[in-house]
Every structure is written in C-alpha cells, then in structure tokens.
$ cat work_17.csv   # CSV, C-alpha atoms and all ligand atoms
chain,number,residue,atom,x,y,z
J,1,MET,CA,-0.3,9.1,21.0
J,2,THR,CA,2.2,6.7,22.5
J,3,THR,CA,5.6,7.4,23.8
J,4,SER,CA,6.9,4.1,22.3
J,5,THR,CA,5.5,1.3,20.3
J,6,PRO,CA,3.6,-0.8,23.0
J,7,SER,CA,4.6,-4.3,23.8
J,8,PRO,CA,1.7,-6.7,23.1
J,9,ALA,CA,2.1,-8.0,26.6
J,10,ASP,CA,1.8,-4.6,28.0
J,11,ASP,CA,-2.0,-4.5,27.7
J,12,GLN,CA,-3.5,-1.4,29.2
J,13,SER,CA,-6.7,-1.4,27.1
J,14,THR,CA,-10.0,-1.4,28.9
J,15,ALA,CA,-13.2,-3.1,27.8
J,16,THR,CA,-14.8,0.3,27.2
J,17,GLU,CA,-12.2,1.9,24.9
J,18,PRO,CA,-13.1,1.6,21.2
J,19,VAL,CA,-10.9,-0.6,19.1
J,20,ILE,CA,-10.1,1.7,16.2
J,21,PHE,CA,-9.6,0.3,12.7
J,22,ALA,CA,-6.4,2.2,11.9
J,23,ALA,CA,-4.6,4.9,13.8
J,24,PRO,CA,-1.1,6.4,13.3
J,25,ASP,CA,1.5,5.4,15.9
J,26,ILE,CA,3.2,8.7,16.7
J,27,THR,CA,5.8,8.9,19.4
J,28,ASP,CA,7.6,11.7,21.2
J,29,ASP,CA,10.7,11.0,19.1
J,30,ASP,CA,8.6,11.6,16.0
J,31,LEU,CA,7.5,14.9,17.3
J,32,VAL,CA,11.0,15.9,18.1
J,33,ALA,CA,12.2,14.9,14.6
J,34,VAL,CA,9.5,16.9,12.9
J,35,THR,CA,9.9,19.9,15.2
J,36,GLU,CA,13.7,20.0,14.4
J,37,VAL,CA,12.9,20.3,10.7
J,38,LEU,CA,10.3,23.0,11.3
J,39,ARG,CA,12.9,25.0,13.2
J,40,SER,CA,15.7,24.4,10.8
J,41,GLY,CA,14.9,27.0,8.2
J,42,TRP,CA,14.4,24.4,5.4
J,43,ILE,CA,11.0,22.6,5.3
J,44,THR,CA,10.6,21.4,1.8
J,45,THR,CA,12.5,18.7,-0.1
J,46,GLY,CA,16.1,18.7,1.1
J,47,SER,CA,18.6,16.8,3.3
J,48,GLU,CA,15.9,14.9,5.3
J,49,CYS,CA,14.5,13.6,2.1
J,50,LEU,CA,17.9,12.6,0.8
J,51,ALA,CA,18.6,10.8,4.1
J,52,LEU,CA,15.3,8.9,4.0
J,53,GLU,CA,16.0,7.8,0.4
J,54,ALA,CA,19.4,6.5,1.4
J,55,GLU,CA,18.1,4.7,4.5
J,56,LEU,CA,15.3,3.0,2.5
J,57,ALA,CA,17.7,2.1,-0.3
J,58,GLY,CA,19.9,0.3,2.3
J,59,TYR,CA,16.9,-1.5,3.8
J,60,LEU,CA,15.4,-2.5,0.5
J,61,ASP,CA,18.8,-3.3,-1.1
J,62,ILE,CA,18.0,-1.3,-4.2
J,63,PRO,CA,20.2,1.4,-5.8
J,64,HIS,CA,17.5,4.0,-6.2
J,65,VAL,CA,14.7,5.3,-3.9
J,66,VAL,CA,12.9,8.5,-5.1
J,67,ALA,CA,10.7,9.9,-2.3
J,68,MET,CA,7.3,11.2,-3.5
J,69,SER,CA,4.3,13.0,-2.1
J,70,SER,CA,2.2,9.8,-2.4
J,71,CYS,CA,2.1,6.3,-3.9
J,72,THR,CA,-0.3,7.7,-6.4
J,73,ALA,CA,2.4,10.3,-7.5
J,74,ALA,CA,5.0,7.4,-7.7
J,75,LEU,CA,2.6,5.3,-9.9
J,76,GLU,CA,1.9,8.3,-12.2
J,77,THR,CA,5.6,8.8,-12.6
J,78,ALA,CA,6.2,5.1,-13.4
J,79,VAL,CA,3.4,5.1,-16.0
J,80,ALA,CA,4.7,8.4,-17.5
J,81,TYR,CA,8.1,6.8,-17.9
J,82,LEU,CA,6.7,4.0,-20.1
J,83,ASP,CA,5.7,6.7,-22.6
J,84,LEU,CA,3.0,4.5,-24.2
J,85,PRO,CA,0.8,5.8,-26.9
J,86,ALA,CA,-2.7,7.0,-25.9
J,87,GLY,CA,-5.2,4.2,-26.0
J,88,SER,CA,-2.7,1.6,-25.0
J,89,THR,CA,-4.1,-1.1,-22.6
J,90,ILE,CA,-2.9,-1.7,-19.1
J,91,GLY,CA,-3.9,-4.7,-17.0
J,92,VAL,CA,-4.8,-3.9,-13.4
J,93,PRO,CA,-6.4,-6.2,-10.8
J,94,THR,CA,-10.0,-5.3,-10.2
J,95,TRP,CA,-9.3,-5.9,-6.4
J,96,THR,CA,-7.4,-2.7,-5.6
J,97,PHE,CA,-7.7,1.0,-4.7
J,98,VAL,CA,-8.8,3.3,-7.5
J,99,SER,CA,-5.4,5.0,-7.9
J,100,SER,CA,-3.8,1.8,-9.1
J,101,ALA,CA,-5.8,2.3,-12.3
J,102,LEU,CA,-6.4,6.0,-12.4
J,103,CYS,CA,-2.7,6.7,-12.6
J,104,ALA,CA,-2.7,5.1,-16.0
J,105,VAL,CA,-6.0,6.7,-17.1
J,106,HIS,CA,-4.3,10.1,-16.5
J,107,HIS,CA,-1.8,9.2,-19.2
J,108,GLY,CA,-4.4,8.2,-21.8
J,109,LEU,CA,-4.2,4.4,-21.1
J,110,LYS,CA,-7.2,2.1,-21.0
J,111,PRO,CA,-7.5,-0.2,-17.9
J,112,VAL,CA,-8.3,-3.8,-18.4
J,113,LEU,CA,-9.6,-5.1,-15.1
J,114,LEU,CA,-8.4,-8.5,-14.2
J,115,ASP,CA,-9.5,-11.2,-11.8
J,116,VAL,CA,-7.7,-12.3,-8.7
J,117,ASP,CA,-6.4,-15.4,-7.0
J,118,PRO,CA,-9.1,-16.8,-4.5
J,119,ASP,CA,-6.5,-17.4,-1.8
J,120,THR,CA,-4.5,-14.1,-1.8
J,121,LEU,CA,-6.8,-11.8,-3.8
J,122,ASN,CA,-3.7,-10.8,-5.7
J,123,LEU,CA,-3.6,-10.6,-9.5
J,124,ALA,CA,-4.2,-14.1,-10.8
J,125,PRO,CA,-1.4,-15.2,-13.2
J,126,ASP,CA,-3.8,-17.2,-15.4
J,127,ALA,CA,-6.2,-14.2,-15.8
J,128,LEU,CA,-3.2,-12.1,-16.6
J,129,ALA,CA,-1.8,-14.6,-19.2
J,130,ARG,CA,-5.2,-14.7,-21.0
J,131,ALA,CA,-5.4,-10.9,-21.1
J,132,ILE,CA,-1.8,-10.8,-22.5
J,133,ASP,CA,-2.8,-13.3,-25.2
J,134,GLU,CA,-5.6,-10.9,-26.2
J,135,GLY,CA,-3.1,-8.0,-26.2
J,136,LEU,CA,-1.9,-5.9,-23.3
J,137,ASP,CA,0.7,-3.2,-23.4
J,138,ALA,CA,1.6,-3.0,-19.7
J,139,VAL,CA,0.6,-4.3,-16.3
J,140,ILE,CA,0.3,-2.9,-12.8
J,141,GLY,CA,0.2,-5.5,-10.1
J,142,VAL,CA,-0.7,-5.0,-6.4
J,143,HIS,CA,0.9,-6.8,-3.5
J,144,PHE,CA,-2.4,-6.8,-1.7
J,145,ALA,CA,-2.5,-6.5,2.1
J,146,GLY,CA,1.3,-6.9,2.1
J,147,VAL,CA,1.4,-10.4,0.5
J,148,ALA,CA,3.8,-10.6,-2.5
J,149,LEU,CA,2.4,-11.2,-6.0
J,150,ALA,CA,3.0,-14.7,-7.3
J,151,PRO,CA,6.4,-15.1,-9.1
J,152,GLU,CA,4.4,-16.3,-12.2
J,153,VAL,CA,3.1,-12.7,-12.6
J,154,HIS,CA,6.7,-11.6,-13.2
J,155,THR,CA,7.4,-14.5,-15.6
J,156,VAL,CA,4.3,-14.0,-17.6
J,157,CYS,CA,5.1,-10.3,-18.1
J,158,ALA,CA,8.8,-11.0,-18.8
J,159,ASP,CA,7.9,-13.7,-21.4
J,160,ALA,CA,5.5,-11.4,-23.1
J,161,GLY,CA,8.1,-8.5,-23.0
J,162,ILE,CA,5.7,-6.1,-21.4
J,163,PRO,CA,6.5,-3.6,-18.6
J,164,PHE,CA,5.3,-4.5,-15.2
J,165,ILE,CA,4.8,-1.8,-12.5
J,166,GLU,CA,4.5,-2.9,-8.9
J,167,ASP,CA,1.9,-1.2,-6.7
J,168,ALA,CA,3.7,-1.8,-3.4
J,169,ALA,CA,1.4,0.6,-1.4
J,170,HIS,CA,0.9,-2.2,1.2
J,171,ALA,CA,4.3,-3.8,0.8
J,172,LEU,CA,7.0,-2.0,2.7
J,173,GLY,CA,8.9,-5.0,4.2
J,174,THR,CA,7.2,-7.6,2.0
J,175,ARG,CA,9.5,-10.4,0.9
J,176,ASP,CA,9.1,-12.3,-2.4
J,177,HIS,CA,11.2,-14.6,-4.5
J,178,ARG,CA,13.7,-11.7,-5.1
J,179,GLY,CA,14.1,-10.6,-1.5
J,180,ARG,CA,12.4,-7.5,-0.1
J,181,VAL,CA,10.0,-6.1,-2.7
J,182,ALA,CA,11.8,-3.1,-4.3
J,183,GLY,CA,11.1,-3.1,-8.0
J,184,GLN,CA,14.1,-5.4,-8.9
J,185,GLY,CA,13.9,-6.0,-12.7
J,186,THR,CA,10.4,-4.4,-13.0
J,187,ALA,CA,9.3,-1.0,-14.2
J,188,GLY,CA,9.5,0.3,-10.6
J,189,ALA,CA,7.8,-0.4,-7.2
J,190,CYS,CA,5.6,2.3,-5.7
J,191,PHE,CA,5.2,2.5,-1.9
J,192,SER,CA,2.8,4.5,0.2
J,193,PHE,CA,3.4,6.3,3.5
J,194,TYR,CA,-0.3,7.4,3.8
J,195,ALA,CA,-1.7,7.8,7.4
J,196,THR,CA,-2.9,4.2,7.7
J,197,LYS,CA,0.2,2.5,6.3
J,198,ASN,CA,2.8,0.4,8.2
J,199,LEU,CA,5.2,3.4,8.1
J,200,THR,CA,3.6,6.8,7.7
J,201,SER,CA,4.6,10.4,7.0
J,202,GLY,CA,0.9,11.5,6.9
J,203,GLU,CA,1.0,11.6,3.1
J,204,GLY,CA,4.0,10.3,1.2
J,205,GLY,CA,5.5,7.6,-0.9
J,206,ALA,CA,8.4,6.4,-2.9
J,207,LEU,CA,9.4,4.9,-6.2
J,208,THR,CA,12.2,2.4,-6.0
J,209,THR,CA,14.1,0.8,-8.8
J,210,ASP,CA,17.3,-0.7,-10.1
J,211,ASP,CA,16.9,1.1,-13.4
J,212,ASP,CA,19.2,4.2,-13.5
J,213,ASP,CA,17.2,5.9,-16.3
J,214,LEU,CA,13.8,5.4,-14.5
J,215,ALA,CA,15.4,6.8,-11.3
J,216,ALA,CA,16.7,9.9,-13.1
J,217,PHE,CA,13.4,10.4,-14.9
J,218,ALA,CA,11.5,10.1,-11.5
J,219,ARG,CA,13.8,12.6,-9.8
J,220,SER,CA,12.9,15.2,-12.4
J,221,PHE,CA,9.3,14.2,-13.0
J,222,ARG,CA,8.3,14.5,-9.3
J,223,LEU,CA,9.1,18.2,-9.5
J,224,HIS,CA,7.4,19.4,-12.8
J,225,GLY,CA,10.1,17.7,-14.9
J,226,LEU,CA,12.7,20.3,-13.8
J,227,SER,CA,16.4,19.5,-14.4
J,228,ARG,CA,17.3,20.8,-11.0
J,229,ASP,CA,15.3,20.8,-7.7
J,230,ALA,CA,15.1,23.6,-5.1
J,231,TRP,CA,17.7,21.9,-2.9
J,232,ALA,CA,20.2,22.0,-5.8
J,233,ARG,CA,19.3,25.6,-6.8
J,234,TYR,CA,19.2,27.4,-3.4
J,235,ARG,CA,22.1,25.9,-1.6
J,236,PRO,CA,25.0,28.3,-1.1
J,237,ASP,CA,27.0,26.5,-3.8
J,238,GLY,CA,23.8,25.8,-5.9
J,239,GLU,CA,23.3,26.6,-9.6
J,240,ALA,CA,20.1,28.7,-10.1
J,241,ALA,CA,19.4,27.9,-13.8
J,242,TYR,CA,17.1,24.9,-14.7
J,243,ASP,CA,15.5,23.4,-17.7
J,244,VAL,CA,12.2,21.5,-18.2
J,245,LEU,CA,12.8,17.9,-19.4
J,246,ALA,CA,9.2,16.5,-19.2
J,247,PRO,CA,5.7,17.7,-18.3
J,248,GLY,CA,6.1,16.5,-14.7
J,249,ILE,CA,3.9,16.7,-11.7
J,250,LYS,CA,4.2,18.3,-8.3
J,251,GLY,CA,5.0,15.1,-6.4
J,252,ASN,CA,8.0,15.8,-4.1
J,253,LEU,CA,8.1,14.9,-0.4
J,254,PRO,CA,8.8,17.8,1.9
J,255,ASP,CA,11.4,17.4,4.6
J,256,VAL,CA,8.9,17.9,7.4
J,257,LEU,CA,7.2,14.7,6.3
J,258,ALA,CA,10.5,12.9,5.4
J,259,ALA,CA,11.6,13.5,9.0
J,260,LEU,CA,8.4,11.8,10.3
J,261,ALA,CA,9.1,8.9,8.0
J,262,ARG,CA,12.7,8.6,9.1
J,263,SER,CA,11.8,8.7,12.7
J,264,GLN,CA,9.2,5.9,12.1
J,265,PHE,CA,11.7,4.0,10.1
J,266,GLN,CA,14.0,3.7,13.1
J,267,ARG,CA,11.5,1.4,14.8
J,268,PHE,CA,10.0,-0.1,11.7
J,269,GLU,CA,11.2,-3.7,12.4
J,270,GLN,CA,9.8,-3.4,16.0
J,271,MET,CA,6.5,-2.2,14.6
J,272,GLN,CA,6.5,-5.1,12.0
J,273,ALA,CA,7.1,-7.6,14.7
J,274,LEU,CA,4.2,-6.3,16.7
J,275,ARG,CA,1.9,-6.5,13.6
J,276,ARG,CA,3.0,-10.2,13.2
J,277,THR,CA,2.1,-10.9,16.8
J,278,LEU,CA,-1.3,-9.3,16.4
J,279,VAL,CA,-2.0,-11.2,13.1
J,280,GLN,CA,-1.1,-14.5,14.7
J,281,ARG,CA,-3.4,-13.7,17.6
J,282,TYR,CA,-6.3,-13.1,15.2
J,283,ARG,CA,-5.6,-16.3,13.4
J,284,ALA,CA,-5.5,-18.3,16.6
J,285,ASN,CA,-8.7,-16.6,17.9
J,286,LEU,CA,-10.8,-17.0,14.8
J,287,ALA,CA,-9.4,-20.4,13.5
J,288,ASP,CA,-12.5,-22.4,14.5
J,289,ILE,CA,-15.3,-20.2,13.0
J,290,GLU,CA,-17.0,-22.4,10.5
J,291,GLY,CA,-17.0,-21.0,7.0
J,292,LEU,CA,-14.7,-18.0,7.9
J,293,ARG,CA,-11.6,-17.8,5.7
J,294,PHE,CA,-8.4,-15.8,6.2
J,295,VAL,CA,-6.8,-13.9,3.3
J,296,PRO,CA,-4.5,-15.7,2.6
J,297,GLY,CA,-5.7,-19.0,4.1
J,298,GLU,CA,-2.3,-19.7,5.7
J,299,LEU,CA,-0.1,-17.0,7.2
J,300,ASP,CA,2.5,-15.9,4.5
J,301,GLU,CA,5.9,-15.6,6.2
J,302,GLY,CA,7.0,-12.9,3.8
J,303,SER,CA,3.9,-10.7,4.3
J,304,ALA,CA,4.3,-7.1,5.6
J,305,ASP,CA,1.0,-7.8,7.5
J,306,HIS,CA,-0.6,-4.5,6.3
J,307,LEU,CA,-4.2,-5.7,6.5
J,308,MET,CA,-6.0,-8.4,8.5
J,309,VAL,CA,-8.6,-9.5,5.9
J,310,VAL,CA,-11.2,-12.2,6.5
J,311,LEU,CA,-13.9,-13.6,4.2
J,312,LEU,CA,-17.1,-13.9,6.2
J,313,PRO,CA,-19.0,-17.2,6.0
J,314,GLU,CA,-21.2,-17.5,2.9
J,315,GLY,CA,-24.6,-16.0,3.4
J,316,THR,CA,-23.5,-13.5,6.1
J,317,HIS,CA,-25.0,-10.0,5.7
J,318,ARG,CA,-21.8,-8.0,6.0
J,319,PRO,CA,-23.5,-4.6,6.8
J,320,ARG,CA,-25.1,-6.2,9.8
J,321,VAL,CA,-21.8,-7.6,11.1
J,322,VAL,CA,-20.1,-4.2,10.6
J,323,GLU,CA,-22.9,-2.4,12.5
J,324,ARG,CA,-23.0,-4.9,15.3
J,325,MET,CA,-19.2,-4.7,15.7
J,326,ARG,CA,-19.4,-0.9,15.7
J,327,ASP,CA,-22.0,-1.1,18.5
J,328,LEU,CA,-19.5,-3.3,20.4
J,329,GLY,CA,-16.8,-0.6,19.9
J,330,VAL,CA,-14.9,-2.2,17.1
J,331,SER,CA,-14.5,-0.4,13.7
J,332,THR,CA,-13.8,-2.3,10.5
J,333,SER,CA,-13.2,-1.5,6.9
J,334,VAL,CA,-13.5,-3.1,3.4
J,335,HIS,CA,-10.6,-3.7,1.1
J,336,PHE,CA,-11.7,-3.4,-1.6
J,337,GLN,CA,-14.8,-2.6,-3.6
J,338,PRO,CA,-13.7,-4.1,-6.9
J,339,LEU,CA,-13.0,-1.4,-9.6
J,340,HIS,CA,-15.3,-3.0,-12.2
J,341,ARG,CA,-18.3,-2.2,-9.9
J,342,PHE,CA,-17.7,1.5,-9.9
J,343,HIS,CA,-19.8,3.7,-12.3
J,344,TRP,CA,-16.8,5.4,-14.0
J,345,PHE,CA,-14.9,2.2,-14.6
J,346,GLN,CA,-18.0,0.5,-16.0
J,347,GLN,CA,-18.1,3.2,-18.7
J,348,HIS,CA,-14.4,3.6,-19.4
J,349,ALA,CA,-12.7,0.3,-18.6
J,350,GLN,CA,-13.0,-3.2,-19.9
J,351,VAL,CA,-12.9,-6.4,-18.0
J,352,GLY,CA,-10.4,-9.1,-19.0
J,353,PRO,CA,-11.2,-12.3,-20.8
J,354,GLY,CA,-13.1,-14.7,-18.6
J,355,GLY,CA,-14.5,-11.8,-16.5
J,356,THR,CA,-13.9,-11.4,-12.7
J,357,PRO,CA,-15.7,-14.4,-11.2
J,358,VAL,CA,-13.4,-14.7,-8.1
J,359,ALA,CA,-13.8,-11.0,-7.2
J,360,GLU,CA,-17.5,-11.3,-7.7
J,361,SER,CA,-17.7,-14.3,-5.4
J,362,VAL,CA,-16.0,-12.6,-2.5
J,363,MET,CA,-16.8,-8.9,-2.8
J,364,PHE,CA,-19.6,-8.9,-0.2
J,365,GLN,CA,-17.7,-11.2,2.1
J,366,ALA,CA,-14.4,-9.4,2.6
J,367,LEU,CA,-13.9,-7.6,5.9
J,368,SER,CA,-10.7,-5.9,7.3
J,369,LEU,CA,-10.3,-6.1,11.0
J,370,PRO,CA,-8.4,-3.5,13.1
J,371,LEU,CA,-4.6,-3.8,12.7
J,372,HIS,CA,-2.1,-1.2,13.7
J,373,THR,CA,0.7,-0.8,16.2
J,374,ASN,CA,-1.3,1.1,18.8
J,375,LEU,CA,-3.2,-2.2,19.4
J,376,THR,CA,-2.5,-4.7,22.1
J,377,VAL,CA,-3.2,-8.4,22.1
J,378,GLY,CA,-6.1,-7.6,24.4
J,379,ASP,CA,-7.6,-5.3,21.7
J,380,VAL,CA,-7.3,-8.1,19.2
J,381,ASP,CA,-9.1,-10.4,21.6
J,382,ARG,CA,-11.9,-7.9,22.0
J,383,ALA,CA,-12.2,-7.4,18.2
J,384,SER,CA,-12.2,-11.2,17.7
J,385,ALA,CA,-14.9,-11.6,20.4
J,386,ALA,CA,-17.0,-8.8,18.7
J,387,LEU,CA,-16.7,-10.6,15.4
J,388,LEU,CA,-17.8,-13.9,17.0
J,389,GLU,CA,-20.8,-12.2,18.6
J,390,ALA,CA,-21.7,-10.3,15.4
J,391,LEU,CA,-21.7,-13.7,13.6
J,392,GLY,CA,-23.9,-15.2,16.3
J,393,ARG,CA,-21.1,-17.7,17.2
J,394,SER,CA,-20.2,-16.5,20.7
J,401,LIG,C1,-3.3,-0.6,-3.4
J,401,LIG,C2,-3.1,0.9,-3.2
J,401,LIG,N1,-2.5,1.5,-4.2
J,401,LIG,C3,-2.3,2.8,-4.1
J,401,LIG,C4,-2.7,3.6,-3.1
J,401,LIG,C5,-2.5,5.1,-3.0
J,401,LIG,O1,-1.6,5.4,-2.0
J,401,LIG,P1,-1.4,7.0,-1.7
J,401,LIG,O2,-2.6,7.4,-0.8
J,401,LIG,O3,-0.1,7.1,-1.0
J,401,LIG,O4,-1.4,7.7,-3.0
J,401,LIG,C6,-3.4,2.9,-2.0
J,401,LIG,C7,-3.9,3.7,-0.9
J,401,LIG,O5,-4.3,3.3,0.1
J,401,LIG,C8,-3.6,1.5,-2.1
J,401,LIG,O6,-4.3,0.9,-1.1

$ encode --input "work_17.csv" --output "structure tokens"
Amino acid sequence: MTTSTPSPADDQSTATEPVIFAAPDITDDDLVAVTEVLRSGWITTGSECLALEAELAGYLDIPHVVAMSSCTAALETAVAYLDLPAGSTIGVPTWTFVSSALCAVHHGLKPVLLDVDPDTLNLAPDALARAIDEGLDAVIGVHFAGVALAPEVHTVCADAGIPFIEDAAHALGTRDHRGRVAGQGTAGACFSFYATKNLTSGEGGALTTDDDDLAAFARSFRLHGLSRDAWARYRPDGEAAYDVLAPGIKGNLPDVLAALARSQFQRFEQMQALRRTLVQRYRANLADIEGLRFVPGELDEGSADHLMVVLLPEGTHRPRVVERMRDLGVSTSVHFQPLHRFHWFQQHAQVGPGGTPVAESVMFQALSLPLHTNLTVGDVDRASAALLEALGRS
C-alpha cells in the first residue's frame, strides 16, 4: 500500500523486491473514503454511486453513466438492450477476454470471431467489413490495451446500419476521433473497474451512453429490471412500490465500492501521467532489441496505457522467457489467448471470412510487461533488463 501515488523519480525499489505484474494502488485516502461509507449506515447502491456517475459523466463529457458491478454486467446490459432474436450473429475480435463474447452468448447470440490489425491488435476494419458483407447483426469492438479502435470500425458499422457496442474495459481515459471514449453515437461503452484496471473499485464497471433510452433501460436492467431501486424505495421520502420492466440482472455497484472508485478518480489524471512515463521508459529501454515489436509500434498519444504489450522476436519460446523473468523476480502476463483457440468457442462460435491469420501469427509472441502505478522507473528498468537477459540479449 502507498500513501500517495509515487513519483517515478522517487525510486525506492531495491534489486531484490519482485516487480509484480499488476497491483492495486490503494492510498490512505482510499481507506478513509471506504470506511466512511461502511460507517454511514448505507452500504449498497446509493449516494456514492450517484456521485461517481456524475463525476465520470463530467470527465467523459457524456450525458449518462450507469455504474455496474463489472464491465461484464455492462456488456450484458448493452446486449440485452439490442433485443436481437436468438441465433443472431455478433462480430467480436478473437483477440479479447472471454466476457466480450460470452455476454452475447448469454442472450442467445452467435459470436463470429474476427481478425485483428497487426499493429494495434484491435478489430481489423477490413475483416469486419467482410463479415458484415456475409451478414452480421451486431458488433462488439474492444479498445485493446487502451488504444482506441480505428474510426473505420465506426464507419463500417454505421454504413451497414448495425449496432456497435464498445468494450472499453481497458479504455478509461482513451481518446479517439470523438474525444474521450464514452459511447458517443454507439450502442454504449462498457468500462471495467476490476482490480487490475487503471481505476479500480475491486470489482466494478459502468455503461456510458448519449442515448436516453439505453440509459433508462440500463438503470433498471442492472437491478433485476425493477422500475425503482433500493435508494429510491427506502429513502424517507421514497416510494415503496415497484414494477418489473425486463428480466434484468443483479449488476448494481454498491456504495462501498463506488467510494473506492471516487477516491481513486480524484487522482486519476496523476496516475495516468505516471503510466505514460513508465510506458515511455519501457519503449526507450527496449527500442533496440532486434525483432521485438511494441503494440502498437509507435506510442499512441490517445492511449490510456492500460497494458504494455510486446511481441517477442519470431522463434522465441515464450514460456522460457516467462520462466526466466519470473526467476529474475519479474512477473508477466499474456493478453490474450485468442477466443477461437478455446474449446468451447471452437464448438459454438464461427470464425469470420478470411479466418484469423494475424491473431494466429502473433498469439505465441505476445507478452504483457508489468505496468501499474505502484511501479517506479527503476522497476521498469529492472523489468526491461530481465527481458533482455531472458532473450539472451543482455
Ligand atoms: C477486454 C475486456 N473486456 C471485458 C472484461 C471484463 O471486465 P470485468 O472483470 O469488469 O467484468 C475484461 C476484463 O479484464 C477485459 O479485459
């Protein structure tokens, strides 16, 4: 635990401390904020949640933020709102976390797994266009690692008149051609506040939109489809009666967690600036490794810098690199194992026209290096040196 987000210059790491892949940055202020809610007499969804929604709406410049228990719950809600007939198809990049596709499966839709752009590993507009030509009913795109989807993805969906949901799990603070990613003109953006995300409430998320009807649906759907939530029913002036408007989910965000998110949000820009410093340091440290590529190749100014992903030189045995780095005290991760390689998806999903050659070509090469705001520049130097040694280039 830190008492404040560390300055990168304030490097107190030692060569013996492990460099952890991801760790929540929890300050004393966070503890106070959560404790106040625990003592307040109201710990489930209420005023903290409403305040978080208002703060995020201001930051994202979007009329509606609906806080949720997870990004997955937000995605489920966005898909439910589309109300597509069972068996409808939904395009999803194969390079993502499973919940980007399973949220649609739970509503009877059939995922069509699409290839990605070799530079960003984001949904490839040409692969999407070909799948749409063959018939797609909706699309879920992912702003992978915090880098915005290409504007062409929006255009292709708009031209075809099909709804497009943004999986923005990695993208709080990401900028694209519209400003900060917030679901402007799409079928909603879904954010995650999971433990490893740039802003965390432990578990949590939000659906953001400029569509009044989607927002009203989401407010009800996140709480079983009830017409009135507990905050509206149990307040002194509250109305106790409620109706059921849709077969919703239990997906609301409790105030205990909303308070943690709000406290983190107060220093979000500071945390983002530190992430950028760390990413730039990695890029400088690793620039000369022959055959190693960054994702994306050049730093994207609009990125939220959620993950530091590299593609190891061709022919590298990734498990050996991971093991050697672990021995040197540096933990890593892999984002992602493509969905089309998983047993269940092989049986129940289809792959888009043209297959997934890009995902296939990089899936054993991708490696995510430690990136979080408890790290210092010295930690990044150690992680970089460990990678060099593991590759035999030190
Ligand atoms: C791309 C992507 N989408 C969705 C999710 C699900 O987020 P949550 O755990 O908040 O449901 C994740 C989780 O890490 C993710 O990486």

$ closest_residue --input "work_17.csv" --among "J:Thr94, J:Thr27, J:Ser394, J:Gln347" --to "ligand LIG 401 (chain J)" --atoms "only C-alpha atoms and all ligand atoms"
J:Thr94

$ closest_residue --input "work_17.csv" --among "J:Val147, J:Leu38, J:Ala23, J:Leu84" --to "Tyr194 in chain J" --atoms "all atoms listed in the file"
J:Ala23

$ residues_near_ligand --input "work_17.csv" --ligand "ligand LIG 401 (chain J)" --cutoff "10 Å" --atoms "all atoms listed in the file" --output "number ranges by chain"
J: 68-76, 93, 95-103, 141-146, 166-171, 190-197, 200-206, 306, 335-336

$ write_last_selection --input "work_17.csv" --atoms "C-alpha atoms" --output "tab-separated table (two decimals), in the frame of the given file"
chain	number	residue	atom	x	y	z
J	68	MET	CA	7.30	11.20	-3.50
J	69	SER	CA	4.30	13.00	-2.10
J	70	SER	CA	2.20	9.80	-2.40
J	71	CYS	CA	2.10	6.30	-3.90
J	72	THR	CA	-0.30	7.70	-6.40
J	73	ALA	CA	2.40	10.30	-7.50
J	74	ALA	CA	5.00	7.40	-7.70
J	75	LEU	CA	2.60	5.30	-9.90
J	76	GLU	CA	1.90	8.30	-12.20
J	93	PRO	CA	-6.40	-6.20	-10.80
J	95	TRP	CA	-9.30	-5.90	-6.40
J	96	THR	CA	-7.40	-2.70	-5.60
J	97	PHE	CA	-7.70	1.00	-4.70
J	98	VAL	CA	-8.80	3.30	-7.50
J	99	SER	CA	-5.40	5.00	-7.90
J	100	SER	CA	-3.80	1.80	-9.10
J	101	ALA	CA	-5.80	2.30	-12.30
J	102	LEU	CA	-6.40	6.00	-12.40
J	103	CYS	CA	-2.70	6.70	-12.60
J	141	GLY	CA	0.20	-5.50	-10.10
J	142	VAL	CA	-0.70	-5.00	-6.40
J	143	HIS	CA	0.90	-6.80	-3.50
J	144	PHE	CA	-2.40	-6.80	-1.70
J	145	ALA	CA	-2.50	-6.50	2.10
J	146	GLY	CA	1.30	-6.90	2.10
J	166	GLU	CA	4.50	-2.90	-8.90
J	167	ASP	CA	1.90	-1.20	-6.70
J	168	ALA	CA	3.70	-1.80	-3.40
J	169	ALA	CA	1.40	0.60	-1.40
J	170	HIS	CA	0.90	-2.20	1.20
J	171	ALA	CA	4.30	-3.80	0.80
J	190	CYS	CA	5.60	2.30	-5.70
J	191	PHE	CA	5.20	2.50	-1.90
J	192	SER	CA	2.80	4.50	0.20
J	193	PHE	CA	3.40	6.30	3.50
J	194	TYR	CA	-0.30	7.40	3.80
J	195	ALA	CA	-1.70	7.80	7.40
J	196	THR	CA	-2.90	4.20	7.70
J	197	LYS	CA	0.20	2.50	6.30
J	200	THR	CA	3.60	6.80	7.70
J	201	SER	CA	4.60	10.40	7.00
J	202	GLY	CA	0.90	11.50	6.90
J	203	GLU	CA	1.00	11.60	3.10
J	204	GLY	CA	4.00	10.30	1.20
J	205	GLY	CA	5.50	7.60	-0.90
J	206	ALA	CA	8.40	6.40	-2.90
J	306	HIS	CA	-0.60	-4.50	6.30
J	335	HIS	CA	-10.60	-3.70	1.10
J	336	PHE	CA	-11.70	-3.40	-1.60

$ closest_residue --input "work_17.csv" --among "J:Gly248, J:Ala138, J:Thr356, J:Thr155" --to "Ala218 in chain J" --atoms "only C-alpha atoms"
J:Gly248

$ closest_atom_pairs --input "work_17.csv" --of "range 303-326 of chain J" --to "range 119-128 of chain J" --cutoff "12 Å" --atoms "all atoms listed in the file" --output "Markdown table"
| residue | atom | partner | partner_atom | distance |
| --- | --- | --- | --- | --- |
| J:Ser303 | CA | J:Thr120 | CA | 10.9 |
| J:Leu307 | CA | J:Thr120 | CA | 11.8 |
| J:Met308 | CA | J:Thr120 | CA | 11.9 |
| J:Val309 | CA | J:Thr120 | CA | 9.9 |
| J:Val310 | CA | J:Thr120 | CA | 10.8 |
| J:Leu311 | CA | J:Asp119 | CA | 10.3 |

$ closest_residue --input "work_17.csv" --among "J:Ala148, J:Ala386, J:Leu199, J:Ile90" --to "Gln266 in chain J" --atoms "all atoms listed in the file"
J:Leu199

$ residues_around --input "work_17.csv" --residues "Gly302 in chain J" --least-positions-apart "4" --cutoff "7 Å" --atoms "all atoms listed in the file" --output "ChimeraX atom specification"
/J:147,174-176

$ closest_residue --input "work_17.csv" --among "J:Thr209, J:Thr16, J:Thr77, J:Gln184" --to "Val65 in chain J" --atoms "only C-alpha atoms"
J:Thr209

$ atom_distance --input "work_17.csv" --atom1 "CA of Phe342 in chain J" --atom2 "CA of Ile132 in chain J"
23.7 Å

$ residues_around --input "work_17.csv" --residues "Gly291 in chain J" --least-positions-apart "3" --cutoff "8 Å" --atoms "only C-alpha atoms" --output "ChimeraX atom specification"
/J:312-314

$ residues_around --input "work_17.csv" --residues "range 226-238 of chain J" --least-positions-apart "2" --cutoff "12 Å" --atoms "only C-alpha atoms" --output "ChimeraX atom specification"
/J:42-50,216-224,240-255
